[in-house]
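Dumped model_6.cif below, it's mmCIF, C-alpha atoms and all ligand atoms:
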data_final
loop_
_atom_site.label_atom_id
_atom_site.label_comp_id
_atom_site.auth_asym_id
_atom_site.auth_seq_id
_atom_site.Cartn_x
_atom_site.Cartn_y
_atom_site.Cartn_z
CA MET B 1 -14.92 -1.58 0.49
CA HIS B 2 -14.59 1.65 2.44
CA LEU B 3 -12.06 4.35 3.14
CA HIS B 4 -10.93 3.75 6.71
CA SER B 5 -8.64 6.72 7.13
CA ILE B 6 -7.02 9.57 5.29
CA ARG B 7 -3.99 11.77 5.79
CA LEU B 8 -3.65 15.09 3.99
CA THR B 9 -0.42 17.03 3.70
CA GLN B 10 -0.38 20.48 2.06
CA PHE B 11 -3.62 19.61 0.30
CA ARG B 12 -5.71 22.76 -0.38
CA ASN B 13 -6.33 24.52 2.95
CA TYR B 14 -5.01 21.53 4.96
CA GLU B 15 -1.47 21.69 6.23
CA ALA B 16 -1.45 18.30 7.92
CA GLU B 17 -4.58 16.44 8.98
CA SER B 18 -5.52 12.82 9.68
CA ILE B 19 -9.06 11.54 9.92
CA VAL B 20 -10.55 8.13 10.69
CA PHE B 21 -13.91 7.58 9.03
CA HIS B 22 -17.00 5.55 9.76
CA PRO B 23 -17.55 2.69 7.28
CA GLY B 24 -21.12 3.96 6.81
CA PHE B 25 -22.26 7.56 7.10
CA ASN B 26 -19.84 10.46 7.69
CA VAL B 27 -21.17 13.98 8.11
CA LEU B 28 -18.86 17.01 7.81
CA THR B 29 -20.25 20.31 9.04
CA GLY B 30 -18.83 23.80 9.40
CA ALA B 31 -19.18 27.35 8.14
CA ASN B 32 -18.54 28.42 4.54
CA GLY B 33 -14.98 28.17 3.32
CA MET B 34 -13.72 25.97 6.18
CA GLY B 35 -12.66 23.00 4.06
CA LYS B 36 -15.60 20.56 3.95
CA THR B 37 -15.67 20.22 0.17
CA ASN B 38 -11.87 19.92 0.16
CA ILE B 39 -12.16 16.72 2.20
CA LEU B 40 -14.58 15.27 -0.35
CA ASP B 41 -12.16 16.26 -3.09
CA ALA B 42 -9.35 14.46 -1.25
CA VAL B 43 -11.46 11.29 -1.08
CA TYR B 44 -12.32 11.65 -4.78
CA TYR B 45 -8.63 12.17 -5.57
CA LEU B 46 -7.66 8.98 -3.74
CA CYS B 47 -10.18 7.02 -5.78
CA LEU B 48 -9.61 8.52 -9.22
CA GLY B 49 -6.14 10.05 -9.15
CA LYS B 50 -7.34 13.59 -9.85
CA SER B 51 -9.38 16.42 -8.37
CA TYR B 52 -13.07 16.66 -9.16
CA PHE B 53 -13.11 20.43 -8.85
CA SER B 54 -9.81 21.64 -10.31
CA ALA B 55 -8.34 21.07 -13.74
CA GLY B 56 -4.75 21.00 -12.49
CA ASP B 57 -2.78 20.11 -9.36
CA LYS B 58 -1.43 23.65 -9.15
CA PHE B 59 -4.82 24.65 -7.73
CA VAL B 60 -4.84 21.70 -5.36
CA VAL B 61 -1.48 22.18 -3.69
CA ARG B 62 -1.68 24.39 -0.63
CA HIS B 63 -0.79 28.01 -1.38
CA GLY B 64 2.89 28.48 -0.61
CA SER B 65 3.76 24.79 -0.83
CA GLU B 66 5.52 23.01 -3.68
CA PHE B 67 3.94 19.62 -3.21
CA PHE B 68 1.03 17.80 -1.66
CA ARG B 69 0.60 14.27 -0.41
CA LEU B 70 -2.51 12.21 0.17
CA GLU B 71 -2.63 8.90 1.95
CA GLY B 72 -5.70 6.73 2.23
CA THR B 73 -6.29 3.30 3.71
CA PHE B 74 -9.09 1.35 2.09
CA ARG B 75 -10.53 -1.68 3.79
CA GLU B 76 -12.54 -4.49 2.40
CA SER B 77 -13.12 -7.78 4.14
CA GLY B 78 -9.50 -8.80 3.49
CA ASN B 79 -6.25 -6.90 3.90
CA PRO B 80 -6.22 -3.11 3.94
CA GLU B 81 -4.88 -1.31 0.88
CA LYS B 82 -2.84 1.83 1.30
CA VAL B 83 -2.87 4.40 -1.48
CA VAL B 84 -0.28 7.19 -1.45
CA ILE B 85 -0.38 10.05 -3.92
CA LYS B 86 2.47 12.54 -4.16
CA SER B 87 2.30 15.47 -6.49
CA LEU B 88 4.74 18.21 -7.37
CA PRO B 89 2.58 20.26 -9.73
CA GLY B 90 4.26 21.00 -13.05
CA ASN B 91 6.87 18.41 -12.23
CA ARG B 92 5.67 14.93 -11.35
CA LYS B 93 2.97 12.88 -9.77
CA GLU B 94 3.27 9.41 -8.29
CA ILE B 95 0.70 6.96 -7.07
CA GLU B 96 1.54 3.95 -4.93
CA VAL B 97 -0.74 1.15 -3.86
CA ASN B 98 0.67 -0.88 -0.94
CA GLY B 99 4.12 0.56 -1.60
CA LYS B 100 4.13 -0.37 -5.28
CA LYS B 101 4.25 2.47 -7.78
CA LEU B 102 1.58 2.41 -10.48
CA GLU B 103 2.88 2.63 -14.03
CA ARG B 104 0.09 4.92 -15.15
CA ILE B 105 -2.09 7.30 -13.13
CA GLY B 106 -5.04 5.78 -15.00
CA ASP B 107 -4.29 2.40 -13.39
CA LEU B 108 -5.85 3.66 -10.17
CA VAL B 109 -9.20 4.24 -11.88
CA GLY B 110 -11.73 1.51 -11.20
CA ARG B 111 -10.13 0.11 -8.03
CA TYR B 112 -12.20 2.21 -5.69
CA GLY B 113 -15.48 3.34 -7.23
CA CYS B 114 -16.57 6.84 -6.34
CA VAL B 115 -19.56 9.00 -7.19
CA ILE B 116 -19.70 12.67 -6.23
CA ILE B 117 -22.72 14.93 -6.21
CA SER B 118 -21.94 18.62 -5.88
CA PRO B 119 -23.89 21.87 -6.36
CA ASP B 120 -21.71 22.73 -9.38
CA ASP B 121 -23.02 19.67 -11.20
CA ILE B 122 -26.29 21.38 -11.97
CA HIS B 123 -24.90 24.10 -14.18
CA LEU B 124 -22.12 21.85 -15.46
CA MET B 125 -24.57 19.23 -16.62
CA LEU B 126 -26.76 21.86 -18.25
CA GLU B 127 -24.11 23.98 -19.94
CA GLY B 128 -21.63 22.25 -22.19
CA SER B 129 -22.09 18.87 -23.85
CA GLU B 130 -18.52 18.12 -22.79
CA GLU B 131 -19.63 17.88 -19.18
CA ARG B 132 -22.34 15.42 -20.11
CA ARG B 133 -19.80 13.33 -22.01
CA ASN B 134 -17.52 13.54 -18.97
CA PHE B 135 -20.33 12.17 -16.86
CA ILE B 136 -20.75 9.21 -19.23
CA ASN B 137 -17.01 8.64 -19.48
CA ASN B 138 -16.48 8.91 -15.75
CA THR B 139 -19.11 6.23 -15.18
CA ILE B 140 -17.80 3.75 -17.72
CA VAL B 141 -14.06 4.13 -16.99
CA GLN B 142 -14.74 3.07 -13.43
CA THR B 143 -16.22 -0.25 -14.51
CA ASP B 144 -14.49 -1.06 -17.81
CA THR B 145 -10.72 -0.89 -18.12
CA LEU B 146 -10.76 -1.11 -21.94
CA TYR B 147 -12.93 1.99 -22.20
CA LEU B 148 -10.19 4.36 -21.04
CA ASP B 149 -7.73 2.85 -23.53
CA ASN B 150 -10.21 3.30 -26.37
CA LEU B 151 -10.99 6.83 -25.29
CA LEU B 152 -7.31 7.78 -25.15
CA LEU B 153 -6.70 6.19 -28.55
CA TYR B 154 -9.66 8.00 -30.11
CA THR B 155 -8.58 11.36 -28.65
CA GLN B 156 -5.06 10.88 -29.92
CA LEU B 157 -6.28 9.99 -33.45
CA LEU B 158 -8.74 12.88 -33.41
CA LYS B 159 -5.89 15.28 -32.67
CA ARG B 160 -3.92 13.76 -35.51
CA ARG B 161 -6.82 14.07 -37.93
CA ASN B 162 -7.40 17.69 -36.91
CA SER B 163 -3.77 18.58 -37.36
CA LEU B 164 -3.79 16.97 -40.84
CA LEU B 165 -6.87 18.99 -41.80
CA LYS B 166 -5.14 22.11 -40.54
CA THR B 167 -1.98 21.36 -42.51
CA PHE B 168 -4.05 20.77 -45.66
CA ALA B 169 -5.99 24.00 -45.19
CA ASP B 170 -2.90 26.07 -44.42
CA GLY B 171 -0.93 24.73 -47.37
CA HIS B 172 -3.91 24.52 -49.80
CA THR B 173 -3.14 20.84 -50.27
CA PHE B 174 -5.06 17.62 -49.76
CA ASP B 175 -3.94 14.03 -49.36
CA PRO B 176 -7.07 11.87 -49.20
CA LEU B 177 -5.11 8.66 -48.65
CA LEU B 178 -3.32 9.99 -45.61
CA LEU B 179 -6.54 11.32 -44.16
CA ASP B 180 -8.34 8.03 -44.82
CA THR B 181 -5.67 6.08 -42.96
CA VAL B 182 -6.29 8.12 -39.82
CA SER B 183 -10.07 8.10 -40.31
CA GLU B 184 -10.14 4.34 -40.69
CA SER B 185 -8.13 3.76 -37.53
CA MET B 186 -10.70 5.85 -35.65
CA ALA B 187 -13.50 3.47 -36.60
CA ALA B 188 -12.73 0.69 -34.11
CA PRO B 189 -12.43 2.87 -30.96
CA SER B 190 -15.52 4.80 -32.12
CA VAL B 191 -17.62 1.66 -32.34
CA PHE B 192 -16.36 0.46 -28.95
CA ILE B 193 -17.09 3.78 -27.24
CA HIS B 194 -20.43 4.20 -28.97
CA ASN B 195 -21.61 0.72 -27.94
CA LYS B 196 -20.53 1.22 -24.33
CA ARG B 197 -22.29 4.59 -24.12
CA GLN B 198 -25.44 3.17 -25.66
CA GLU B 199 -25.38 0.29 -23.19
CA LEU B 200 -24.83 2.66 -20.27
CA VAL B 201 -27.75 4.93 -21.12
CA ARG B 202 -29.97 1.89 -21.67
CA MET B 203 -29.14 0.65 -18.16
CA LEU B 204 -29.16 4.11 -16.59
CA SER B 205 -32.50 5.29 -17.88
CA PRO B 206 -34.93 3.11 -15.85
CA VAL B 207 -32.87 3.44 -12.65
CA PHE B 208 -32.78 7.18 -13.12
CA ASN B 209 -36.56 7.34 -13.52
CA GLN B 210 -36.98 5.28 -10.38
CA CYS B 211 -34.65 7.55 -8.36
CA TYR B 212 -36.37 10.69 -9.62
CA GLY B 213 -39.75 9.25 -8.75
CA ALA B 214 -38.54 8.40 -5.24
CA ILE B 215 -37.06 11.86 -4.54
CA SER B 216 -39.84 13.94 -6.09
CA GLY B 217 -42.72 11.71 -5.06
CA SER B 218 -43.30 11.13 -8.80
CA ALA B 219 -44.17 14.79 -9.27
CA GLU B 220 -42.80 15.00 -12.83
CA GLN B 221 -41.86 12.67 -15.69
CA VAL B 222 -38.20 12.81 -16.66
CA GLY B 223 -36.12 11.36 -19.45
CA ILE B 224 -32.55 10.95 -20.72
CA THR B 225 -31.62 10.00 -24.27
CA TYR B 226 -28.27 9.29 -25.82
CA GLN B 227 -27.63 11.36 -28.93
CA SER B 228 -24.90 10.32 -31.32
CA GLN B 229 -24.12 10.94 -34.96
CA LEU B 230 -23.11 7.29 -35.12
CA GLU B 231 -26.69 6.24 -34.42
CA ASN B 232 -27.62 5.67 -38.07
CA ARG B 233 -24.31 5.89 -39.88
CA ASP B 234 -20.91 4.27 -39.48
CA LEU B 235 -17.91 6.52 -38.94
CA ILE B 236 -16.53 6.22 -42.47
CA THR B 237 -19.87 7.25 -44.02
CA LEU B 238 -20.17 10.05 -41.48
CA PHE B 239 -16.68 11.35 -42.30
CA ALA B 240 -17.43 11.12 -46.04
CA ASP B 241 -20.59 13.16 -45.52
CA THR B 242 -18.78 15.87 -43.57
CA LEU B 243 -15.51 15.94 -45.50
CA ALA B 244 -16.19 19.23 -47.29
CA LYS B 245 -17.13 20.93 -44.03
CA ASP B 246 -14.16 19.40 -42.18
CA ARG B 247 -11.78 20.69 -44.84
CA LEU B 248 -13.35 24.13 -44.79
CA LEU B 249 -13.23 24.44 -41.00
CA ALA B 250 -9.94 22.52 -40.71
CA ARG B 251 -11.19 20.25 -37.94
CA THR B 252 -13.23 17.08 -37.44
CA THR B 253 -16.80 18.32 -37.08
CA ALA B 254 -18.50 14.96 -36.56
CA GLY B 255 -17.91 11.83 -34.51
CA ILE B 256 -18.31 10.46 -31.01
CA HIS B 257 -16.56 13.52 -29.58
CA ARG B 258 -19.85 15.29 -30.41
CA ASP B 259 -22.06 12.80 -28.54
CA ASP B 260 -24.51 14.21 -26.03
CA LEU B 261 -27.22 13.37 -23.53
CA VAL B 262 -30.64 14.95 -23.98
CA PHE B 263 -32.50 15.73 -20.76
CA THR B 264 -36.26 16.24 -20.61
CA MET B 265 -38.89 16.96 -17.97
CA ASP B 266 -42.53 16.27 -18.81
CA GLY B 267 -41.44 16.06 -22.44
CA GLU B 268 -39.88 19.55 -22.48
CA PRO B 269 -36.18 20.44 -22.61
CA LEU B 270 -35.02 20.36 -18.99
CA LYS B 271 -32.96 23.54 -19.02
CA ALA B 272 -35.76 25.75 -20.27
CA PHE B 273 -38.44 24.15 -18.18
CA ALA B 274 -37.34 23.04 -14.73
CA SER B 275 -37.22 24.95 -11.43
CA GLN B 276 -34.06 24.98 -9.33
CA GLY B 277 -35.30 22.31 -6.95
CA GLN B 278 -36.42 20.17 -9.88
CA LEU B 279 -33.04 20.58 -11.56
CA LYS B 280 -31.35 19.59 -8.35
CA SER B 281 -33.56 16.52 -8.02
CA PHE B 282 -32.80 15.67 -11.66
CA VAL B 283 -29.03 15.82 -11.25
CA LEU B 284 -29.19 13.99 -7.93
CA SER B 285 -31.20 11.19 -9.51
CA LEU B 286 -28.78 10.98 -12.42
CA LYS B 287 -25.84 10.60 -10.05
CA LEU B 288 -27.63 8.09 -7.83
CA ALA B 289 -28.45 6.11 -10.96
CA GLN B 290 -24.76 6.29 -11.86
CA TYR B 291 -24.02 4.86 -8.43
CA SER B 292 -26.46 1.96 -8.90
CA ILE B 293 -25.08 1.05 -12.29
CA MET B 294 -21.49 1.10 -11.05
CA GLN B 295 -22.55 -0.97 -8.06
CA SER B 296 -24.33 -3.60 -10.11
CA VAL B 297 -21.66 -3.84 -12.81
CA SER B 298 -18.71 -4.02 -10.39
CA GLY B 299 -20.49 -5.93 -7.62
CA ARG B 300 -19.04 -3.52 -5.05
CA ASP B 301 -20.33 -0.43 -3.28
CA PRO B 302 -18.76 2.78 -4.59
CA ILE B 303 -18.07 5.60 -2.14
CA LEU B 304 -20.76 8.27 -2.30
CA LEU B 305 -19.79 11.93 -1.78
CA LEU B 306 -22.67 14.32 -1.23
CA ASP B 307 -21.62 17.95 -1.21
CA ASP B 308 -24.24 20.37 0.11
CA ILE B 309 -27.06 18.34 -1.39
CA PHE B 310 -29.79 19.47 0.98
CA ASP B 311 -29.54 23.09 0.00
CA LYS B 312 -32.56 24.17 -2.17
CA LEU B 313 -34.49 20.97 -1.59
CA ASP B 314 -37.76 21.28 0.27
CA HIS B 315 -38.33 19.33 3.47
CA SER B 316 -40.20 16.48 1.84
CA ARG B 317 -37.53 15.99 -0.83
CA VAL B 318 -34.84 15.98 1.87
CA GLN B 319 -36.75 13.29 3.77
CA HIS B 320 -37.32 11.24 0.62
CA LEU B 321 -33.67 11.53 -0.30
CA LEU B 322 -32.45 10.42 3.11
CA ALA B 323 -34.86 7.54 3.22
CA LEU B 324 -33.58 6.53 -0.20
CA LEU B 325 -29.96 6.80 0.93
CA HIS B 326 -30.56 4.85 4.08
CA GLY B 327 -32.68 2.12 2.58
CA GLY B 328 -30.99 1.98 -0.81
CA GLY B 329 -28.03 -0.25 -0.05
CA TYR B 330 -25.31 2.40 -0.28
CA GLY B 331 -21.89 1.68 1.13
CA GLN B 332 -19.81 4.46 2.65
CA VAL B 333 -21.37 7.91 2.36
CA PHE B 334 -19.88 11.37 3.03
CA ILE B 335 -22.20 14.34 3.48
CA THR B 336 -21.28 18.01 3.92
CA ASP B 337 -23.57 20.69 5.29
CA THR B 338 -23.24 24.07 6.97
CA GLU B 339 -25.89 23.34 9.62
CA ALA B 340 -24.65 20.91 12.27
CA SER B 341 -27.90 20.93 14.25
CA ARG B 342 -30.11 20.28 11.22
CA MET B 343 -27.85 17.45 10.12
CA LYS B 344 -27.83 15.90 13.57
CA THR B 345 -31.62 15.93 13.74
CA ILE B 346 -31.94 14.43 10.28
CA MET B 347 -29.23 11.83 10.80
CA ASP B 348 -30.53 10.71 14.21
CA GLN B 349 -33.96 10.31 12.71
CA VAL B 350 -33.03 8.48 9.56
CA VAL B 351 -29.66 6.80 9.97
CA GLY B 352 -28.84 6.42 13.66
CA ASP B 353 -25.30 5.11 13.31
CA TYR B 354 -22.83 7.64 11.86
CA HIS B 355 -19.83 9.85 12.55
CA MET B 356 -20.04 13.61 12.66
CA PHE B 357 -17.06 15.92 12.09
CA GLU B 358 -16.65 19.62 12.68
CA VAL B 359 -14.51 21.35 10.06
CA SER B 360 -12.88 24.63 10.99
CA LYS B 361 -10.17 26.41 8.98
CA GLY B 362 -8.45 23.29 7.78
CA ASN B 363 -8.91 21.34 11.01
CA VAL B 364 -11.25 18.40 11.36
CA SER B 365 -12.44 17.15 14.73
CA GLU B 366 -14.85 14.37 15.47
CA LYS B 367 -17.93 15.73 17.22
CA SER B 368 -19.84 12.64 18.13
CA SER B 369 -19.82 9.04 17.19
CA ASP B 370 -22.42 6.37 17.17
CA PRO B 371 -25.02 8.05 19.31
CA GLN B 372 -26.50 5.70 21.92
CA PRO B 373 -29.78 4.12 20.89
CA GLU B 374 -32.68 5.23 23.07
N1 LIG B 401 -4.83 25.35 -3.04
C1 LIG B 401 -5.30 25.92 -1.94
N2 LIG B 401 -4.47 26.36 -0.96
C2 LIG B 401 -4.96 26.94 0.15
N3 LIG B 401 -6.26 27.13 0.38
C3 LIG B 401 -7.13 26.70 -0.54
C4 LIG B 401 -6.71 26.06 -1.74
N4 LIG B 401 -7.78 25.74 -2.46
C5 LIG B 401 -8.84 26.16 -1.75
N5 LIG B 401 -8.44 26.74 -0.59
C6 LIG B 401 -9.28 27.32 0.43
O1 LIG B 401 -10.16 26.37 0.96
C7 LIG B 401 -11.32 27.03 1.38
C8 LIG B 401 -12.55 26.42 0.76
O2 LIG B 401 -12.70 25.17 1.23
P1 LIG B 401 -14.01 24.38 0.86
O3 LIG B 401 -14.44 24.64 -0.52
O4 LIG B 401 -13.72 22.97 1.25
O5 LIG B 401 -15.03 25.06 1.87
P2 LIG B 401 -16.42 24.50 2.39
O6 LIG B 401 -16.27 24.21 3.83
O7 LIG B 401 -16.88 23.42 1.52
O8 LIG B 401 -17.29 25.82 2.21
P3 LIG B 401 -18.83 26.01 1.69
O9 LIG B 401 -19.71 25.75 2.87
O10 LIG B 401 -18.86 27.43 1.29
O11 LIG B 401 -19.03 25.06 0.56
C9 LIG B 401 -11.28 28.46 0.92
O12 LIG B 401 -10.98 29.28 2.02
C10 LIG B 401 -10.16 28.43 -0.10
O13 LIG B 401 -9.50 29.65 -0.16
MG MG B 402 -18.33 23.34 0.07
#

Go ahead and express the file in the form of structure tokens.
Ligand SMILES: Nc1ncnc2c1ncn2[C@@H]1O[C@H](COP(=O)(O)OP(=O)(O)OP(=O)(O)O)[C@@H](O)[C@H]1O
Ligand SMILES: [Mg+2]
Amino acid sequence: MHLHSIRLTQFRNYEAESIVFHPGFNVLTGANGMGKTNILDAVYYLCLGKSYFSAGDKFVVRHGSEFFRLEGTFRESGNPEKVVIKSLPGNRKEIEVNGKKLERIGDLVGRYGCVIISPDDIHLMLEGSEERRNFINNTIVQTDTLYLDNLLLYTQLLKRRNSLLKTFADGHTFDPLLLDTVSESMAAPSVFIHNKRQELVRMLSPVFNQCYGAISGSAEQVGITYQSQLENRDLITLFADTLAKDRLLARTTAGIHRDDLVFTMDGEPLKAFASQGQLKSFVLSLKLAQYSIMQSVSGRDPILLLDDIFDKLDHSRVQHLLALLHGGGYGQVFITDTEASRMKTIMDQVVGDYHMFEVSKGNVSEKSSDPQPE
């Protein structure tokens, strides 16, 4: 499966633009602020129904416009599938696949797998545990339709439990039966989510180590571990243990919404220990491992979006990475970079067959295609 073409209307700095892509490697080059990353975000949006970079569509719609529209044609061996997304921020959003409106935005998720690697990921993955949970969630929702339902159910019940705790605290009351009813209904989605996360990290870990070894030339030993309060206790016991604290703080202080991933390098905490290039290699490997897992679980090649990945990597890591990308059985790949000449040299050397685009102030033009073999 690959994205054959895309049409952007009033999307970020694009007024109206159409692009036809290569089914393999696509390289987008141009100066800072021209709109390279915005194209990757448009591709991501067509796969997952939301922006990777912005929390709301009001940041996505072109300044001065009320709406934006994205159209993408995906091709597999069979018939093409056309996805149209129309959004009027603050008002409504619609997604159509082959002219048929989807009932829920979430129904798009999982049809077209997509993995993005961007420079922001490094600090995101190191800062809040929420980002690390997002990484886990984002991986599993794309391969397991029940996961999203369980996640939504859990979040809804968590809100309900928190609001009960707040009501009790505010009114100096307590209704254990009412609280128990909500707590008990959280048990089933918790177990489901916990098991899926455990399974993911179990699968991810060896692939991640392999990717890191390939990119770094096995320079360091790295590790990821899943950390969850549900590891040794079931949810009901956990809630019983934290009840006094929950009542005092008027919120649910324990549960799978506190899950985390622990990252290490040579046995030390990653954040305190690693250099910038090592961090970058770490996050790259994590995302490439995500790609492999999604690929093997779904049996299809996700789209890979690589935003500015060569920045801060030394020459040998860049070469290793490209060799990995080229030899690693990836499907369609999008790469952005500011240096057209460096990209051309690298791509000619390693890939050979690709499309190159020049991005300039919201305009995309194809620079060269399929260079002739020598
Ligand atoms: N909603 C929007 N409406 C209009 N312009 C926008 C919107 N969102 C972002 N932009 C503009 O898009 C441009 C940034 O595009 P983008 O991030 O794709 O650049 P880039 O080519 O990836 O640059 P860099 O090389 O620095 O990463 C900026 O000029 C920004 O002001
Ligand atoms: Mg960019």

Practice task
Could you give me, as number ranges by chain, the residues that have an atom at most 6 Å away from the point (-1.8, 10.6, -6.6) in the coordinates of the file, using all atoms listed in the file?
Solution key: B: 49, 85-86, 94-95

Practice task
Rank B:Thr9, B:Ser292, B:Ser163, B:Asn134 by their smallest atom-to-atom distance to ligand LIG 401 (chain B), using only C-alpha atoms and all ligand atoms, and report the top residue only.
Solution key: B:Thr9

Handout entry: Residue contacts of Tyr112 in chain B (8 Å, all atoms listed in the file) excluding same-chain residues fewer than 3 positions away, as a VMD selection string
Key = chain B and resid 1 47 to 48 108 to 109 302 to 303

Only C-alpha atoms, please: the residues just picked out, written as a PDB file, in the coordinates of the input.
ATOM      1  CA  MET B   1     -14.920  -1.580   0.490  1.00  0.00           C
ATOM      2  CA  CYS B  47     -10.180   7.020  -5.780  1.00  0.00           C
ATOM      3  CA  LEU B  48      -9.610   8.520  -9.220  1.00  0.00           C
ATOM      4  CA  LEU B 108      -5.850   3.660 -10.170  1.00  0.00           C
ATOM      5  CA  VAL B 109      -9.200   4.240 -11.880  1.00  0.00           C
ATOM      6  CA  PRO B 302     -18.760   2.780  -4.590  1.00  0.00           C
ATOM      7  CA  ILE B 303     -18.070   5.600  -2.140  1.00  0.00           C
TER       8      ILE B 303
END

Practice task
Could the residues that lie within 7 Å of ligand LIG 401 (chain B), counting only C-alpha atoms and all ligand atoms, be listed as a VMD selection string?
Solution key: chain B and resid 11 to 13 30 to 39 59 to 63 337 to 338

Once you have the residues from the selection above, write them out as a PDB file, keeping the file's coordinate frame, restricted to C-alpha atoms.
ATOM      1  CA  PHE B  11      -3.620  19.610   0.300  1.00  0.00           C
ATOM      2  CA  ARG B  12      -5.710  22.760  -0.380  1.00  0.00           C
ATOM      3  CA  ASN B  13      -6.330  24.520   2.950  1.00  0.00           C
ATOM      4  CA  GLY B  30     -18.830  23.800   9.400  1.00  0.00           C
ATOM      5  CA  ALA B  31     -19.180  27.350   8.140  1.00  0.00           C
ATOM      6  CA  ASN B  32     -18.540  28.420   4.540  1.00  0.00           C
ATOM      7  CA  GLY B  33     -14.980  28.170   3.320  1.00  0.00           C
ATOM      8  CA  MET B  34     -13.720  25.970   6.180  1.00  0.00           C
ATOM      9  CA  GLY B  35     -12.660  23.000   4.060  1.00  0.00           C
ATOM     10  CA  LYS B  36     -15.600  20.560   3.950  1.00  0.00           C
ATOM     11  CA  THR B  37     -15.670  20.220   0.170  1.00  0.00           C
ATOM     12  CA  ASN B  38     -11.870  19.920   0.160  1.00  0.00           C
ATOM     13  CA  ILE B  39     -12.160  16.720   2.200  1.00  0.00           C
ATOM     14  CA  PHE B  59      -4.820  24.650  -7.730  1.00  0.00           C
ATOM     15  CA  VAL B  60      -4.840  21.700  -5.360  1.00  0.00           C
ATOM     16  CA  VAL B  61      -1.480  22.180  -3.690  1.00  0.00           C
ATOM     17  CA  ARG B  62      -1.680  24.390  -0.630  1.00  0.00           C
ATOM     18  CA  HIS B  63      -0.790  28.010  -1.380  1.00  0.00           C
ATOM     19  CA  ASP B 337     -23.570  20.690   5.290  1.00  0.00           C
ATOM     20  CA  THR B 338     -23.240  24.070   6.970  1.00  0.00           C
TER      21      THR B 338
END

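Using only C-alpha atoms, the contacts of range 269-285 of chain B at a cut-off of 6 Å, with sequence neighbours closer than 5 positions omitted, comprise Phe208, Cys211, Tyr212, Phe263, Thr264, Lys312 and Leu313 of chain B.
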
Exercise for the section: Could you jot down the CA of Phe25 in chain B to CA of Phe334 in chain B separation for me, Å, one decimal place? Expected result: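 Rounded to one decimal, the two atoms are 6.1 Å apart.
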
Practice task
Kindly indicate which residue among B:Leu157, B:Leu200, B:Ala250, B:Leu28 lies nearest to ligand MG 402 (chain B), using all atoms listed in the file for the distances.
Solution key: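 Closest to ligand MG 402 (chain B) of all the choices is B:Leu28.
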
Problem - Distance of CA of Ser54 in chain B from CA of Gly106 in chain B, expressed in Å to one decimal place - result: 17.2 Å

Handout entry: Exercise: Thr242 in chain B partners within 8 Å, all atoms listed in the file, chain neighbours under 3 positions left out, as a list in words
Key =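 After dropping sequence-adjacent residues, the list is Leu238, Phe239, Lys245, Asp246, Thr253 and Ala254 of chain B.
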
Exercise for the section: May I ask for the distance between CA of Leu124 in chain B and CA of Phe192 in chain B, given in Å to one decimal place? Expected result: 25.9 Å

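With all atoms listed in the file as the atoms that count, the residue of B:Ala240, B:Phe53, B:Ile256, B:Glu366 with the shortest distance to ligand MG 402 (chain B) is B:Phe53.
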
Handout entry: Nearest candidate to ligand MG 402 (chain B) (options B:Gly78, B:Ser129, B:Met294, B:Asp307; using all atoms listed in the file)
Key = B:Asp307

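Shortest atom-to-atom contact with Tyr330 in chain B among B:Leu46, B:Leu304, B:Ile140, B:Val318: B:Leu304, counting all atoms listed in the file.
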
Exercise for the section: Find the residues near Val350 in chain B: any atom within 10 Å, counting all atoms listed in the file, skip ones fewer than 2 places away on the same chain, and give them as an MDAnalysis selection string. Expected result: chainID B and resid 319 322:327 344:348 352:353

Exercise for the section: Go through B:Leu249, B:Val201, B:Leu179, B:Val191 and flag the residue nearest Gln229 in chain B, using all atoms listed in the file for the distances. Expected result: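 Using all atoms listed in the file, Gln229 in chain B sits closest to B:Val191.
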
Handout entry: Spatial neighbours of Lys100 in chain B, 10 Å, only C-alpha atoms, chain gap at least 3 places, as number ranges by chain
Key = B: 82-84, 95-97, 103
